[in-house]
Amino acid sequence: MFDAILPSENRPVSPPPLPRMTGRAELAFADGRLAHLYQQAPLRVLFPTPPTGEPVQAALVTTSGGLTGGDRLTLTASVRDGSRATVIASAAEKLYRSTGDDVDIDVALSVADGGWLEFLPQETILFDGARLRRLTRIDASGSAQVLAGEMLVFGRTARGERFTRGLARDEWRVQRDGRLVWADALHVDDPAVLSASAGFAGAVACATALLLTPEPLAWRDAVRELLASHGGRAGATVVNGLLLVRWLDSDAQRLRASFGQVWSLLRHGTGGGAARMPRLWDI
Amino acid sequence: MSLPSATLLRLMAWLSPSFPVGAFSYSHGLEYAVESGLVRDLPTTVDWITTVLLHGSGRIDADLFVQAHGIACGLGAVDDDPAALDEISILADAWRGTPELALESSAQGNAFVLAVDAAWPDPFWSRWRSHLKADRRQPAYAVAVAVAAARADIPLPTALAAFLHAFAANLVSAAVRLIPLGQSDGQRAIAALEAVVLHATDAALVRPPEDRGGGLPMLDWCSISHETQYTRLFRS
């Protein structure tokens with residue numbers, strides 16, 4: 001598969017199609033622990049022992065080390081009762097340049113009445129020419145609380161790479177008690193948007209954190225206070241009863257730091273865990 | 001040459017700035033964009049609105065418009081059941097990045113339906129409104145205009161281009177008042193945006209379903225920041 005990434009003198013004129021990788025993980029939590037697990041490479045799940053007082057933790061690992069056009073990942077995570085659970089990516093996800101096909105990522109989160117789920121992916125790094133289609137669906141019942149996020153980085157910014165072509169589609173569907181409360185789809189297929197002042201205004205990273213909780217307005221104000229001292233562009237709002245926090249930055253590290261601050265506040269305030277990030281965030 | 005039909009006049013009336021939907025009170029985040037210096041003259045105005053039309057709300061609304069128009073054309077004149085519009089109405093109601101953009105769409109959508117029904121009575125509208133109300137939904141502006149256009153037999157390309165043009169013109173009018181721009185510069189912006197409106201219309205007509213939507217982080221940021229802007233003329 002690395003032929004797709006590294007230039008090779010000996011590459012055949014028409015290389016055979018690369019095999020698609022189809023990773024899958026199914027997680028269900030009940031009684032405060034894992035109740036169901038299915039996994040298929042390259043998606044693997046580890047279960048680090050959480051610190052005392054922290055919810056059960058599932059860490060996602062993409063064993064292939066990155067994704068390329070045609071790969072598909074499917075993740076379902078459900079909290080079946082009043083349990084708390086953390087699902088976190090163990091590392092940033094790299095999306096290599098595609099020769100035409102999309103990487104498809106489907107995430108479905110469902111949380112029963114009284115339950116709490118935190119879904120914390122790390123950065124998705126889009127190499128120049130990468131093609132991503134990601135759909136995240138959330139289904140919350142009754143008083144369920146869900147804290148979910150995403151962070152996109154356009155290009156390997158540390159080496160000065162920019163995202164000059166490809167696709168970044170990031171779609172959300174959020175339901176509460178079976179009722180659609182929020183839909184959204186970022187669809188970047190034209191690099192002009194990244195420089196346009198109404199688009200990204202030159203930013204190389206963007207992020208969203210979303211919280212379903214019974215009292216979102218109080219959290220909005222607390223987050224706004226935190227963001228007031230942040231140097232990048234960020235904002236918090238409540239739309240249809242859903243707390244939305246958005247970041248946009250020309251400095252991916254600064255964005256990450258602010259994201260971690262806000263996330264720590266929200267996970268602690270709504271899930272009762274420590275007011276800091278899970279340890280994997282900082283590794 | 002034959003005279004244009006009444007439906008063309010109807011489309012002009014519905015999308016004219018004097019149609020009572022309160023369009024003048026929405027800036028779609030532009031008030032904050034001007035406040036923060038992002039939009040300050042004719043070129044930055046045209047650039048801002050171009051991006052919004054091609055990649056932001058213009059793209060989202062165009063996609064919703066195309067779908068709603070198609071469904072509404074399939075409804076019979078007599079046995080028209082508003083339930084056929086449920087899926088698109090629900091999606092349109094939920095598809096808003098910020099509360100002020102949601103208000104802009106739902107308040108104009110509601111006002112549009114009331115005003116159309118008052119002057120061009122059609123029992124369909126009250127059926128649709130009570131149907132939406134039962135699910136605590138509001139008619140999104142793009143969907144309401146698309147349905148009205150379909151019921152008046154106005155072809156999709158014409159109706160969509162007119163809708164996007166009215167949206168662009170309303171943003172230009174907000175820029176004229178906010179920056180301020182001279183009236184001639186305002187018309188220069190309208191002229192420059194003609195090609196963009198046509199391009200946005202063409203693109204929406206052929207867009208595959210899996211590519212529908214759009215989003216602009218800066219626009220959302222402006223709209224969120226507008227919620228706490230100190231002095232405000234606009235509701236969005």
# chains A, B, ... in the order shown; residues from 1 in each chain; ligands from 1
$ interface_residues --of "chain B" --to "chain A" --cutoff "6 Å" --atoms "only C-alpha atoms" --output "compact mmCIF listing (two decimals) with N, CA, C and O atoms, in the first residue's frame"
# COMPACT_ATOMS: atom_id res chain seq x y z
N TRP B 48 -16.88 38.21 0.11
CA TRP B 48 -17.58 37.58 1.24
C TRP B 48 -18.87 36.89 0.76
O TRP B 48 -19.11 35.71 1.03
N ALA B 94 -33.31 21.61 11.10
CA ALA B 94 -32.19 21.25 11.99
C ALA B 94 -30.84 21.71 11.44
O ALA B 94 -29.85 21.75 12.16
N TRP B 95 -30.79 22.06 10.15
CA TRP B 95 -29.52 22.35 9.49
C TRP B 95 -29.14 23.81 9.64
O TRP B 95 -29.19 24.56 8.67
N THR B 98 -25.91 28.14 13.78
CA THR B 98 -25.99 29.00 14.96
C THR B 98 -27.45 29.39 15.20
O THR B 98 -28.27 29.32 14.28
N PRO B 99 -27.78 29.81 16.42
CA PRO B 99 -29.18 30.17 16.71
C PRO B 99 -29.67 31.37 15.88
O PRO B 99 -30.84 31.42 15.51
N GLY B 213 -24.80 20.15 1.15
CA GLY B 213 -24.43 20.83 2.38
C GLY B 213 -23.35 21.86 2.13
O GLY B 213 -23.21 22.37 1.02
N GLY B 214 -22.61 22.17 3.15
CA GLY B 214 -21.57 23.19 3.03
C GLY B 214 -21.37 23.80 4.40
O GLY B 214 -22.15 23.57 5.32
N GLY B 215 -20.31 24.55 4.52
CA GLY B 215 -20.08 25.16 5.82
C GLY B 215 -18.91 26.12 5.76
O GLY B 215 -17.97 25.91 5.01
N LEU B 216 -19.02 27.20 6.52
CA LEU B 216 -17.97 28.21 6.55
C LEU B 216 -17.64 28.55 7.99
O LEU B 216 -18.41 29.23 8.66
N PRO B 217 -16.51 28.08 8.49
CA PRO B 217 -16.16 28.36 9.89
C PRO B 217 -16.13 29.84 10.23
O PRO B 217 -16.56 30.23 11.31
N MET B 218 -15.65 30.69 9.31
CA MET B 218 -15.58 32.12 9.62
C MET B 218 -16.98 32.72 9.73
O MET B 218 -17.24 33.57 10.59
N LEU B 219 -17.88 32.30 8.85
CA LEU B 219 -19.24 32.81 8.91
C LEU B 219 -19.90 32.40 10.23
O LEU B 219 -20.54 33.21 10.90
$ residues_around --residues "Leu233 (chain B)" --least-positions-apart "2" --cutoff "10 Å" --atoms "only C-alpha atoms" --output "PDB file with all heavy atoms, in the first residue's frame"
ATOM      1  N   SER B  25     -33.900  42.914   8.234  1.00  0.00           N
ATOM      2  CA  SER B  25     -33.404  42.883   9.611  1.00  0.00           C
ATOM      3  C   SER B  25     -32.370  41.773   9.842  1.00  0.00           C
ATOM      4  O   SER B  25     -31.934  41.550  10.957  1.00  0.00           O
ATOM      5  CB  SER B  25     -34.565  42.743  10.588  1.00  0.00           C
ATOM      6  OG  SER B  25     -35.291  41.561  10.324  1.00  0.00           O
ATOM      7  N   TYR B  26     -32.000  41.066   8.756  1.00  0.00           N
ATOM      8  CA  TYR B  26     -31.010  39.988   8.906  1.00  0.00           C
ATOM      9  C   TYR B  26     -29.753  40.295   8.096  1.00  0.00           C
ATOM     10  O   TYR B  26     -29.844  40.615   6.914  1.00  0.00           O
ATOM     11  CB  TYR B  26     -31.612  38.654   8.449  1.00  0.00           C
ATOM     12  CG  TYR B  26     -32.840  38.296   9.244  1.00  0.00           C
ATOM     13  CD1 TYR B  26     -34.115  38.554   8.737  1.00  0.00           C
ATOM     14  CD2 TYR B  26     -32.730  37.742  10.517  1.00  0.00           C
ATOM     15  CE1 TYR B  26     -35.247  38.259   9.483  1.00  0.00           C
ATOM     16  CE2 TYR B  26     -33.849  37.445  11.266  1.00  0.00           C
ATOM     17  CZ  TYR B  26     -35.106  37.709  10.746  1.00  0.00           C
ATOM     18  OH  TYR B  26     -36.215  37.423  11.484  1.00  0.00           O
ATOM     19  N   SER B  27     -28.599  40.160   8.742  1.00  0.00           N
ATOM     20  CA  SER B  27     -27.345  40.421   8.018  1.00  0.00           C
ATOM     21  C   SER B  27     -26.549  39.138   7.795  1.00  0.00           C
ATOM     22  O   SER B  27     -25.494  39.164   7.170  1.00  0.00           O
ATOM     23  CB  SER B  27     -26.492  41.434   8.773  1.00  0.00           C
ATOM     24  OG  SER B  27     -25.643  40.796   9.709  1.00  0.00           O
ATOM     25  N   GLU B  31     -22.918  41.772   9.966  1.00  0.00           N
ATOM     26  CA  GLU B  31     -22.750  42.896  10.880  1.00  0.00           C
ATOM     27  C   GLU B  31     -21.464  42.726  11.708  1.00  0.00           C
ATOM     28  O   GLU B  31     -20.731  43.687  11.920  1.00  0.00           O
ATOM     29  CB  GLU B  31     -23.966  43.032  11.815  1.00  0.00           C
ATOM     30  CG  GLU B  31     -23.845  44.241  12.737  1.00  0.00           C
ATOM     31  CD  GLU B  31     -25.171  44.678  13.349  1.00  0.00           C
ATOM     32  OE1 GLU B  31     -26.051  43.824  13.543  1.00  0.00           O
ATOM     33  OE2 GLU B  31     -25.313  45.887  13.616  1.00  0.00           O
ATOM     34  N   ALA B 174     -27.440  44.930   3.261  1.00  0.00           N
ATOM     35  CA  ALA B 174     -26.917  45.027   4.631  1.00  0.00           C
ATOM     36  C   ALA B 174     -25.535  45.682   4.615  1.00  0.00           C
ATOM     37  O   ALA B 174     -25.232  46.544   5.449  1.00  0.00           O
ATOM     38  CB  ALA B 174     -26.843  43.637   5.267  1.00  0.00           C
ATOM     39  N   ARG B 177     -25.658  49.429   4.157  1.00  0.00           N
ATOM     40  CA  ARG B 177     -26.009  50.146   5.373  1.00  0.00           C
ATOM     41  C   ARG B 177     -24.902  50.081   6.425  1.00  0.00           C
ATOM     42  O   ARG B 177     -24.711  51.013   7.196  1.00  0.00           O
ATOM     43  CB  ARG B 177     -27.307  49.569   5.962  1.00  0.00           C
ATOM     44  CG  ARG B 177     -28.545  50.030   5.217  1.00  0.00           C
ATOM     45  CD  ARG B 177     -29.787  49.308   5.704  1.00  0.00           C
ATOM     46  NE  ARG B 177     -29.877  47.957   5.154  1.00  0.00           N
ATOM     47  CZ  ARG B 177     -30.644  46.990   5.678  1.00  0.00           C
ATOM     48  NH1 ARG B 177     -31.338  47.222   6.774  1.00  0.00           N
ATOM     49  NH2 ARG B 177     -30.700  45.807   5.114  1.00  0.00           N
ATOM     50  N   LEU B 178     -24.163  48.968   6.478  1.00  0.00           N
ATOM     51  CA  LEU B 178     -23.224  48.760   7.590  1.00  0.00           C
ATOM     52  C   LEU B 178     -21.858  49.401   7.368  1.00  0.00           C
ATOM     53  O   LEU B 178     -21.260  49.930   8.298  1.00  0.00           O
ATOM     54  CB  LEU B 178     -23.026  47.257   7.825  1.00  0.00           C
ATOM     55  CG  LEU B 178     -24.173  46.539   8.549  1.00  0.00           C
ATOM     56  CD1 LEU B 178     -24.026  45.028   8.400  1.00  0.00           C
ATOM     57  CD2 LEU B 178     -24.199  46.927  10.018  1.00  0.00           C
ATOM     58  N   THR B 231     -23.240  46.752  19.961  1.00  0.00           N
ATOM     59  CA  THR B 231     -24.275  47.524  19.281  1.00  0.00           C
ATOM     60  C   THR B 231     -24.717  46.773  18.049  1.00  0.00           C
ATOM     61  O   THR B 231     -23.900  46.407  17.214  1.00  0.00           O
ATOM     62  CB  THR B 231     -23.715  48.898  18.842  1.00  0.00           C
ATOM     63  OG1 THR B 231     -23.052  49.481  19.943  1.00  0.00           O
ATOM     64  CG2 THR B 231     -24.823  49.810  18.374  1.00  0.00           C
ATOM     65  N   ARG B 235     -30.784  41.396  13.370  1.00  0.00           N
ATOM     66  CA  ARG B 235     -31.123  40.259  14.226  1.00  0.00           C
ATOM     67  C   ARG B 235     -30.206  39.061  13.964  1.00  0.00           C
ATOM     68  O   ARG B 235     -30.277  38.062  14.665  1.00  0.00           O
ATOM     69  CB  ARG B 235     -32.576  39.829  13.987  1.00  0.00           C
ATOM     70  CG  ARG B 235     -33.588  40.913  14.315  1.00  0.00           C
ATOM     71  CD  ARG B 235     -35.001  40.447  13.958  1.00  0.00           C
ATOM     72  NE  ARG B 235     -35.555  39.556  14.973  1.00  0.00           N
ATOM     73  CZ  ARG B 235     -36.657  38.826  14.791  1.00  0.00           C
ATOM     74  NH1 ARG B 235     -37.293  38.865  13.622  1.00  0.00           N
ATOM     75  NH2 ARG B 235     -37.123  38.051  15.741  1.00  0.00           N
ATOM     76  N   SER B 236     -29.391  39.127  12.924  1.00  0.00           N
ATOM     77  CA  SER B 236     -28.438  38.034  12.675  1.00  0.00           C
ATOM     78  C   SER B 236     -27.151  38.602  12.089  1.00  0.00           C
ATOM     79  O   SER B 236     -27.134  39.718  11.592  1.00  0.00           O
ATOM     80  CB  SER B 236     -29.015  37.004  11.714  1.00  0.00           C
ATOM     81  OG  SER B 236     -29.074  37.523  10.409  1.00  0.00           O
TER      82      SER B 236
END
$ select_by_dssp --residues "region 111-282 of chain A" --states "helix (DSSP H, G or I)" --output "VMD selection string"
chain A and resid 157 to 159 192 to 195 216 to 227 252 to 271 279 to 282
$ write_last_selection --atoms "N, CA and C atoms" --output "short mmCIF file (atom, residue, chain, number, x, y, z; two decimals), in the first residue's frame"
data_model
loop_
_atom_site.label_atom_id
_atom_site.label_comp_id
_atom_site.auth_asym_id
_atom_site.auth_seq_id
_atom_site.Cartn_x
_atom_site.Cartn_y
_atom_site.Cartn_z
N THR A 157 1.08 20.70 8.64
CA THR A 157 1.42 22.11 8.78
C THR A 157 2.82 22.32 9.32
N ALA A 158 3.32 21.36 10.14
CA ALA A 158 4.65 21.52 10.72
C ALA A 158 5.72 21.57 9.63
N ARG A 159 5.46 20.89 8.52
CA ARG A 159 6.44 20.94 7.43
C ARG A 159 6.00 21.89 6.32
N ALA A 192 -9.89 27.29 -2.42
CA ALA A 192 -10.16 28.73 -2.31
C ALA A 192 -10.88 29.04 -0.99
N VAL A 193 -11.68 28.08 -0.51
CA VAL A 193 -12.43 28.29 0.73
C VAL A 193 -11.48 28.48 1.92
N LEU A 194 -10.33 27.81 1.86
CA LEU A 194 -9.40 27.89 2.98
C LEU A 194 -8.79 29.29 3.12
N SER A 195 -8.66 29.99 2.00
CA SER A 195 -8.11 31.35 2.10
C SER A 195 -9.21 32.42 2.16
N PRO A 216 -27.68 23.49 28.77
CA PRO A 216 -26.55 23.92 27.92
C PRO A 216 -26.17 25.39 28.08
N LEU A 217 -27.12 26.26 28.47
CA LEU A 217 -26.81 27.69 28.52
C LEU A 217 -25.75 28.02 29.57
N ALA A 218 -25.83 27.34 30.71
CA ALA A 218 -24.84 27.59 31.76
C ALA A 218 -23.45 27.20 31.26
N TRP A 219 -23.37 26.10 30.53
CA TRP A 219 -22.08 25.67 30.01
C TRP A 219 -21.58 26.60 28.91
N ARG A 220 -22.50 27.11 28.12
CA ARG A 220 -22.10 28.07 27.08
C ARG A 220 -21.38 29.26 27.71
N ASP A 221 -21.96 29.78 28.78
CA ASP A 221 -21.36 30.96 29.40
C ASP A 221 -20.02 30.64 30.04
N ALA A 222 -19.91 29.45 30.64
CA ALA A 222 -18.63 29.06 31.23
C ALA A 222 -17.56 28.89 30.15
N VAL A 223 -17.95 28.32 29.02
CA VAL A 223 -17.00 28.13 27.93
C VAL A 223 -16.59 29.48 27.34
N ARG A 224 -17.57 30.38 27.18
CA ARG A 224 -17.24 31.71 26.65
C ARG A 224 -16.21 32.41 27.52
N GLU A 225 -16.35 32.24 28.83
CA GLU A 225 -15.39 32.85 29.74
C GLU A 225 -13.99 32.28 29.51
N LEU A 226 -13.92 30.96 29.34
CA LEU A 226 -12.63 30.31 29.07
C LEU A 226 -12.04 30.79 27.75
N LEU A 227 -12.90 30.95 26.75
CA LEU A 227 -12.42 31.31 25.41
C LEU A 227 -11.99 32.77 25.32
N ALA A 252 -2.31 25.14 14.74
CA ALA A 252 -3.02 23.93 15.16
C ALA A 252 -2.73 23.58 16.62
N GLN A 253 -1.53 23.89 17.09
CA GLN A 253 -1.18 23.57 18.49
C GLN A 253 -1.95 24.45 19.47
N ARG A 254 -2.07 25.72 19.12
CA ARG A 254 -2.82 26.63 19.99
C ARG A 254 -4.28 26.19 20.06
N LEU A 255 -4.83 25.78 18.92
CA LEU A 255 -6.20 25.32 18.88
C LEU A 255 -6.36 24.10 19.79
N ARG A 256 -5.41 23.17 19.67
CA ARG A 256 -5.47 21.94 20.45
C ARG A 256 -5.46 22.23 21.95
N ALA A 257 -4.65 23.19 22.34
CA ALA A 257 -4.55 23.53 23.76
C ALA A 257 -5.88 24.09 24.26
N SER A 258 -6.48 24.99 23.48
CA SER A 258 -7.75 25.57 23.88
C SER A 258 -8.86 24.51 23.90
N PHE A 259 -8.83 23.66 22.89
CA PHE A 259 -9.80 22.56 22.81
C PHE A 259 -9.72 21.71 24.08
N GLY A 260 -8.50 21.38 24.50
CA GLY A 260 -8.29 20.56 25.69
C GLY A 260 -8.80 21.23 26.95
N GLN A 261 -8.61 22.55 27.04
CA GLN A 261 -9.09 23.31 28.20
C GLN A 261 -10.61 23.23 28.31
N VAL A 262 -11.27 23.51 27.19
CA VAL A 262 -12.74 23.51 27.17
C VAL A 262 -13.26 22.10 27.44
N TRP A 263 -12.63 21.14 26.79
CA TRP A 263 -13.07 19.75 26.95
C TRP A 263 -12.95 19.31 28.41
N SER A 264 -11.84 19.67 29.04
CA SER A 264 -11.62 19.30 30.45
C SER A 264 -12.74 19.85 31.33
N LEU A 265 -13.08 21.11 31.07
CA LEU A 265 -14.15 21.74 31.85
C LEU A 265 -15.47 20.97 31.67
N LEU A 266 -15.78 20.66 30.42
CA LEU A 266 -17.08 20.05 30.14
C LEU A 266 -17.15 18.60 30.62
N ARG A 267 -16.06 17.86 30.47
CA ARG A 267 -16.10 16.45 30.90
C ARG A 267 -16.18 16.37 32.41
N HIS A 268 -15.51 17.28 33.06
CA HIS A 268 -15.54 17.30 34.52
C HIS A 268 -16.93 17.74 35.00
N GLY A 269 -17.44 18.79 34.39
CA GLY A 269 -18.71 19.36 34.83
C GLY A 269 -19.91 18.46 34.57
N THR A 270 -19.87 17.71 33.47
CA THR A 270 -21.05 16.90 33.14
C THR A 270 -20.86 15.43 33.47
N GLY A 271 -19.61 14.94 33.44
CA GLY A 271 -19.39 13.52 33.64
C GLY A 271 -18.79 13.19 35.00
N ARG A 279 -5.31 10.69 29.87
CA ARG A 279 -3.86 10.69 29.70
C ARG A 279 -3.42 10.52 28.25
N LEU A 280 -4.19 9.73 27.48
CA LEU A 280 -3.81 9.48 26.09
C LEU A 280 -3.73 10.75 25.25
N TRP A 281 -4.49 11.77 25.64
CA TRP A 281 -4.50 13.03 24.91
C TRP A 281 -3.11 13.65 24.84
N ASP A 282 -2.33 13.44 25.90
CA ASP A 282 -1.03 14.12 25.98
C ASP A 282 0.14 13.25 25.57
#
$ residues_around --residues "region 137-152 of chain A" --least-positions-apart "3" --cutoff "7 Å" --atoms "only C-alpha atoms" --output "ChimeraX atom specification"
/A:107-125,172-178,205-214
$ closest_residue --among "B:Ala102, B:Leu54, B:Ala83, B:Ala204" --to "Ser130 (chain B)" --atoms "only C-alpha atoms"
B:Ala83
$ select_by_dssp --residues "region 50-198 of chain A" --states "strand (DSSP E)" --output "number ranges by chain"
A: 56-62, 72-79, 84-89, 93-95, 103-111, 116-120, 124-126, 131-140, 145-154, 167-176, 179-188
$ residues_around --residues "Val116 (chain B)" --least-positions-apart "2" --cutoff "12 Å" --atoms "only C-alpha atoms" --output "ChimeraX atom specification"
/B:10-11,13-15,19-21,108-114,118-126,144-145,147-149,151-152
$ write_last_selection --atoms "C-alpha atoms" --output "short mmCIF file (atom, residue, chain, number, x, y, z; two decimals), in the first residue's frame"
data_model
loop_
_atom_site.label_atom_id
_atom_site.label_comp_id
_atom_site.auth_asym_id
_atom_site.auth_seq_id
_atom_site.Cartn_x
_atom_site.Cartn_y
_atom_site.Cartn_z
CA ARG B 10 -45.44 36.31 -8.58
CA LEU B 11 -41.82 35.20 -8.16
CA ALA B 13 -43.22 39.86 -5.77
CA TRP B 14 -42.30 37.06 -3.36
CA LEU B 15 -38.59 37.77 -3.55
CA PHE B 19 -42.30 41.31 0.60
CA PRO B 20 -43.09 41.25 4.33
CA VAL B 21 -40.64 38.65 5.61
CA GLN B 108 -38.58 34.48 7.31
CA GLY B 109 -40.03 31.08 6.45
CA ASN B 110 -43.01 31.59 8.74
CA ALA B 111 -43.62 35.13 7.54
CA PHE B 112 -43.33 34.02 3.92
CA VAL B 113 -45.95 31.30 4.27
CA LEU B 114 -48.37 33.68 6.03
CA ALA B 118 -52.92 35.84 2.72
CA ALA B 119 -52.64 37.18 -0.84
CA TRP B 120 -52.71 33.96 -2.92
CA PRO B 121 -54.93 31.72 -0.77
CA ASP B 122 -54.20 28.01 -0.92
CA PRO B 123 -55.50 25.61 1.75
CA PHE B 124 -52.24 23.71 1.47
CA TRP B 125 -50.41 26.31 3.54
CA SER B 126 -52.51 25.95 6.69
CA ALA B 144 -41.06 27.58 1.95
CA VAL B 145 -40.04 29.52 -1.17
CA VAL B 147 -42.70 24.85 -2.22
CA ALA B 148 -44.48 28.08 -3.20
CA ALA B 149 -42.59 28.19 -6.49
CA ARG B 151 -47.13 25.16 -6.47
CA ALA B 152 -47.10 28.13 -8.86
#
$ closest_residue --among "A:Thr86, A:Asp104, A:Ala91, A:Met21" --to "Thr49 (chain A)" --atoms "only C-alpha atoms"
A:Thr86
